[in-house]
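Below: one structure, written as structure tokens.
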Amino acid sequence: MSAIPESEERLSRAEVESALKGLSPADWGRAASIATAFCGGLTGWTPDDLLQEALCSLLDETRIWRPGLHTLVVLKTAMRSIASNARKHNDAS
């Protein structure tokens with residue numbers, strides 16, 4: 001449990017979809033580049049897998065998207081977390 005109380009405020013699925021639809025082709029390219037960077041050293045993952053997993057977890061509200069955060073920041077944070085968890089899982093296996 002964190003010492004800092006977390007707000008329950010989050011974007012709805014419709015708001016997440018809207019934010020993702022608002023990304024430009026250049027933003028999608030940046031997201032793909034970020035995914036490529038985080039996939040370095042991951043066994044069994046491609047950058048597309050990582051980006052897709054981040055998108056799915058945001059859309060199904062497994063991961064919380066707080067209001068006011070930029071879309072690429074949210075995607076980067078989600079991908080970093082997923083990649084970190086995958087590395088821990090690979091190390092434990």
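Identifiers in the structure tokens: chain A, B, ... in order shown; residue index from 1 per chain; ligand index from 1 in order shown.
Near A:Leu11, within 7 Å and counting only C-alpha atoms, sit A:Val16, A:Trp65, A:Arg66, A:Pro67, not including residues fewer than 5 positions from it in the same chain.
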Print the selection's residues with C-alpha atoms to a file, as a PDB file, in the first residue's frame.
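Produced file selection.pdb, reproduced below:
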ATOM      1  CA  VAL A  16      -9.369   6.260 -24.054  1.00  0.00           C
ATOM      2  CA  TRP A  65      -5.257   6.270 -17.507  1.00  0.00           C
ATOM      3  CA  ARG A  66      -5.399   9.358 -15.294  1.00  0.00           C
ATOM      4  CA  PRO A  67      -6.944  12.509 -16.789  1.00  0.00           C
TER       5      PRO A  67
END
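Every protein, DNA or RNA residue with an atom at most 10 Å from A:Asp48, where only C-alpha atoms count and chain neighbours fewer than 4 positions away do not, is listed here: A:Ala31, A:Ala32, A:Ala35, A:Thr36, A:Cys39, A:Gln52, A:Glu53, A:Ala54.
Close contacts of A:Leu55, defined as residues with an atom at most 10 Å away when counting only C-alpha atoms, with chain neighbours fewer than 2 positions off set aside, comprise Val16, Glu17, Leu20, Asp49, Leu50, Leu51, Gln52, Glu53, Ser57, Leu58, Leu59, Asp60, Glu61, Arg63, Val74, Leu75, Ala78 and Met79 of chain A.
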Written file, previous selection with C-alpha atoms, as an mmCIF file, in the first residue's frame:
data_model
loop_
_atom_site.group_PDB
_atom_site.id
_atom_site.type_symbol
_atom_site.label_atom_id
_atom_site.label_comp_id
_atom_site.auth_asym_id
_atom_site.auth_seq_id
_atom_site.Cartn_x
_atom_site.Cartn_y
_atom_site.Cartn_z
ATOM 1 C CA VAL A 16 -9.369 6.260 -24.054
ATOM 2 C CA GLU A 17 -10.626 5.322 -27.526
ATOM 3 C CA LEU A 20 -6.018 6.983 -29.210
ATOM 4 C CA ASP A 49 3.288 -7.247 -29.469
ATOM 5 C CA LEU A 50 4.301 -4.771 -26.790
ATOM 6 C CA LEU A 51 2.348 -1.882 -28.299
ATOM 7 C CA GLN A 52 -0.696 -4.099 -28.814
ATOM 8 C CA GLU A 53 -0.569 -5.338 -25.214
ATOM 9 C CA SER A 57 -4.686 -3.124 -21.312
ATOM 10 C CA LEU A 58 -5.677 0.541 -21.597
ATOM 11 C CA LEU A 59 -8.855 -0.198 -23.543
ATOM 12 C CA ASP A 60 -10.028 -2.972 -21.221
ATOM 13 C CA GLU A 61 -9.195 -0.683 -18.271
ATOM 14 C CA ARG A 63 -4.314 -0.170 -16.693
ATOM 15 C CA VAL A 74 0.576 6.938 -21.031
ATOM 16 C CA LEU A 75 1.580 4.495 -23.786
ATOM 17 C CA ALA A 78 2.351 1.159 -19.959
ATOM 18 C CA MET A 79 4.899 -0.358 -22.348
#
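Residue neighbourhood of A:Gly22, excluding near-sequence residues (fewer than 5 positions): Glu15, Val16, Glu17, Asp27, Trp28, His70, Thr71 and Leu72 of chain A, at 12 Å, using only C-alpha atoms.
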- Task: Skip A:His89 itself and residues of its chain fewer than 6 positions away, then list as a ChimeraX atom specification all residues within 12 Å of it, counting only C-alpha atoms.
- Result: /A:42-44,82-83
Please, could you write that set of residues out with all heavy atoms as a PDB file, in the first residue's frame?
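The resulting file, part17.pdb, is shown below:
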ATOM      1  N   LEU A  42      14.130  -8.505 -24.776  1.00  0.00           N
ATOM      2  CA  LEU A  42      12.961  -9.299 -24.381  1.00  0.00           C
ATOM      3  C   LEU A  42      12.848 -10.526 -25.273  1.00  0.00           C
ATOM      4  O   LEU A  42      12.848 -10.405 -26.500  1.00  0.00           O
ATOM      5  CB  LEU A  42      11.667  -8.485 -24.507  1.00  0.00           C
ATOM      6  CG  LEU A  42      11.265  -7.624 -23.335  1.00  0.00           C
ATOM      7  CD1 LEU A  42       9.944  -6.937 -23.636  1.00  0.00           C
ATOM      8  CD2 LEU A  42      11.152  -8.416 -22.067  1.00  0.00           C
ATOM      9  N   THR A  43      12.736 -11.670 -24.681  1.00  0.00           N
ATOM     10  CA  THR A  43      12.600 -12.911 -25.428  1.00  0.00           C
ATOM     11  C   THR A  43      11.135 -13.155 -25.760  1.00  0.00           C
ATOM     12  O   THR A  43      10.274 -13.112 -24.873  1.00  0.00           O
ATOM     13  CB  THR A  43      13.135 -14.095 -24.602  1.00  0.00           C
ATOM     14  OG1 THR A  43      14.478 -13.809 -24.230  1.00  0.00           O
ATOM     15  CG2 THR A  43      13.074 -15.391 -25.379  1.00  0.00           C
ATOM     16  N   GLY A  44      10.853 -13.395 -27.030  1.00  0.00           N
ATOM     17  CA  GLY A  44       9.501 -13.750 -27.438  1.00  0.00           C
ATOM     18  C   GLY A  44       8.550 -12.584 -27.646  1.00  0.00           C
ATOM     19  O   GLY A  44       7.358 -12.784 -27.820  1.00  0.00           O
ATOM     20  N   ILE A  82       4.950  -3.162 -18.829  1.00  0.00           N
ATOM     21  CA  ILE A  82       4.735  -4.489 -19.406  1.00  0.00           C
ATOM     22  C   ILE A  82       6.080  -5.154 -19.717  1.00  0.00           C
ATOM     23  O   ILE A  82       6.291  -6.335 -19.415  1.00  0.00           O
ATOM     24  CB  ILE A  82       3.851  -4.399 -20.665  1.00  0.00           C
ATOM     25  CG1 ILE A  82       2.435  -3.965 -20.268  1.00  0.00           C
ATOM     26  CG2 ILE A  82       3.827  -5.721 -21.428  1.00  0.00           C
ATOM     27  CD1 ILE A  82       1.581  -3.491 -21.445  1.00  0.00           C
ATOM     28  N   ALA A  83       7.008  -4.400 -20.304  1.00  0.00           N
ATOM     29  CA  ALA A  83       8.328  -4.940 -20.630  1.00  0.00           C
ATOM     30  C   ALA A  83       9.084  -5.336 -19.367  1.00  0.00           C
ATOM     31  O   ALA A  83       9.730  -6.388 -19.319  1.00  0.00           O
ATOM     32  CB  ALA A  83       9.133  -3.916 -21.435  1.00  0.00           C
TER      33      ALA A  83
END
- Message: Based on the backbone DSSP call, show me all residues of stretch 25-82 of chain A assigned helix (DSSP H, G or I), as a PyMOL selection string.
- Response: chain A and resi 25-39+47-59+71-82
Using the selection just defined, write its residues with C-alpha atoms as an mmCIF file, in the first residue's frame.
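This went into out-v2.cif:
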data_model
loop_
_atom_site.group_PDB
_atom_site.id
_atom_site.type_symbol
_atom_site.label_atom_id
_atom_site.label_comp_id
_atom_site.auth_asym_id
_atom_site.auth_seq_id
_atom_site.Cartn_x
_atom_site.Cartn_y
_atom_site.Cartn_z
ATOM 1 C CA PRO A 25 0.639 9.033 -37.936
ATOM 2 C CA ALA A 26 3.798 10.672 -36.553
ATOM 3 C CA ASP A 27 2.641 9.900 -32.995
ATOM 4 C CA TRP A 28 2.044 6.254 -33.946
ATOM 5 C CA GLY A 29 5.577 6.200 -35.355
ATOM 6 C CA ARG A 30 6.900 7.551 -32.063
ATOM 7 C CA ALA A 31 4.922 4.914 -30.152
ATOM 8 C CA ALA A 32 6.407 2.209 -32.389
ATOM 9 C CA SER A 33 9.913 3.575 -31.754
ATOM 10 C CA ILE A 34 9.316 3.533 -28.013
ATOM 11 C CA ALA A 35 8.065 -0.062 -28.245
ATOM 12 C CA THR A 36 11.193 -1.021 -30.195
ATOM 13 C CA ALA A 37 13.406 0.484 -27.494
ATOM 14 C CA PHE A 38 11.593 -1.312 -24.673
ATOM 15 C CA CYS A 39 11.677 -4.653 -26.515
ATOM 16 C CA PRO A 47 7.582 -4.191 -30.685
ATOM 17 C CA ASP A 48 4.127 -4.718 -32.212
ATOM 18 C CA ASP A 49 3.288 -7.247 -29.469
ATOM 19 C CA LEU A 50 4.301 -4.771 -26.790
ATOM 20 C CA LEU A 51 2.348 -1.882 -28.299
ATOM 21 C CA GLN A 52 -0.696 -4.099 -28.814
ATOM 22 C CA GLU A 53 -0.569 -5.338 -25.214
ATOM 23 C CA ALA A 54 -0.380 -1.754 -23.947
ATOM 24 C CA LEU A 55 -3.341 -0.709 -26.096
ATOM 25 C CA CYS A 56 -5.430 -3.685 -24.989
ATOM 26 C CA SER A 57 -4.686 -3.124 -21.312
ATOM 27 C CA LEU A 58 -5.677 0.541 -21.597
ATOM 28 C CA LEU A 59 -8.855 -0.198 -23.543
ATOM 29 C CA THR A 71 -1.349 9.903 -24.796
ATOM 30 C CA LEU A 72 2.273 9.080 -25.665
ATOM 31 C CA VAL A 73 3.291 9.403 -22.008
ATOM 32 C CA VAL A 74 0.576 6.938 -21.031
ATOM 33 C CA LEU A 75 1.580 4.495 -23.786
ATOM 34 C CA LYS A 76 5.266 4.795 -22.865
ATOM 35 C CA THR A 77 4.564 4.154 -19.192
ATOM 36 C CA ALA A 78 2.351 1.159 -19.959
ATOM 37 C CA MET A 79 4.899 -0.358 -22.348
ATOM 38 C CA ARG A 80 7.752 0.172 -19.882
ATOM 39 C CA SER A 81 5.761 -1.585 -17.167
ATOM 40 C CA ILE A 82 4.735 -4.489 -19.406
#
- What gap, in Å, lies between atom CA of A:Leu69 and atom CA of A:Gly40? 25.7 Å
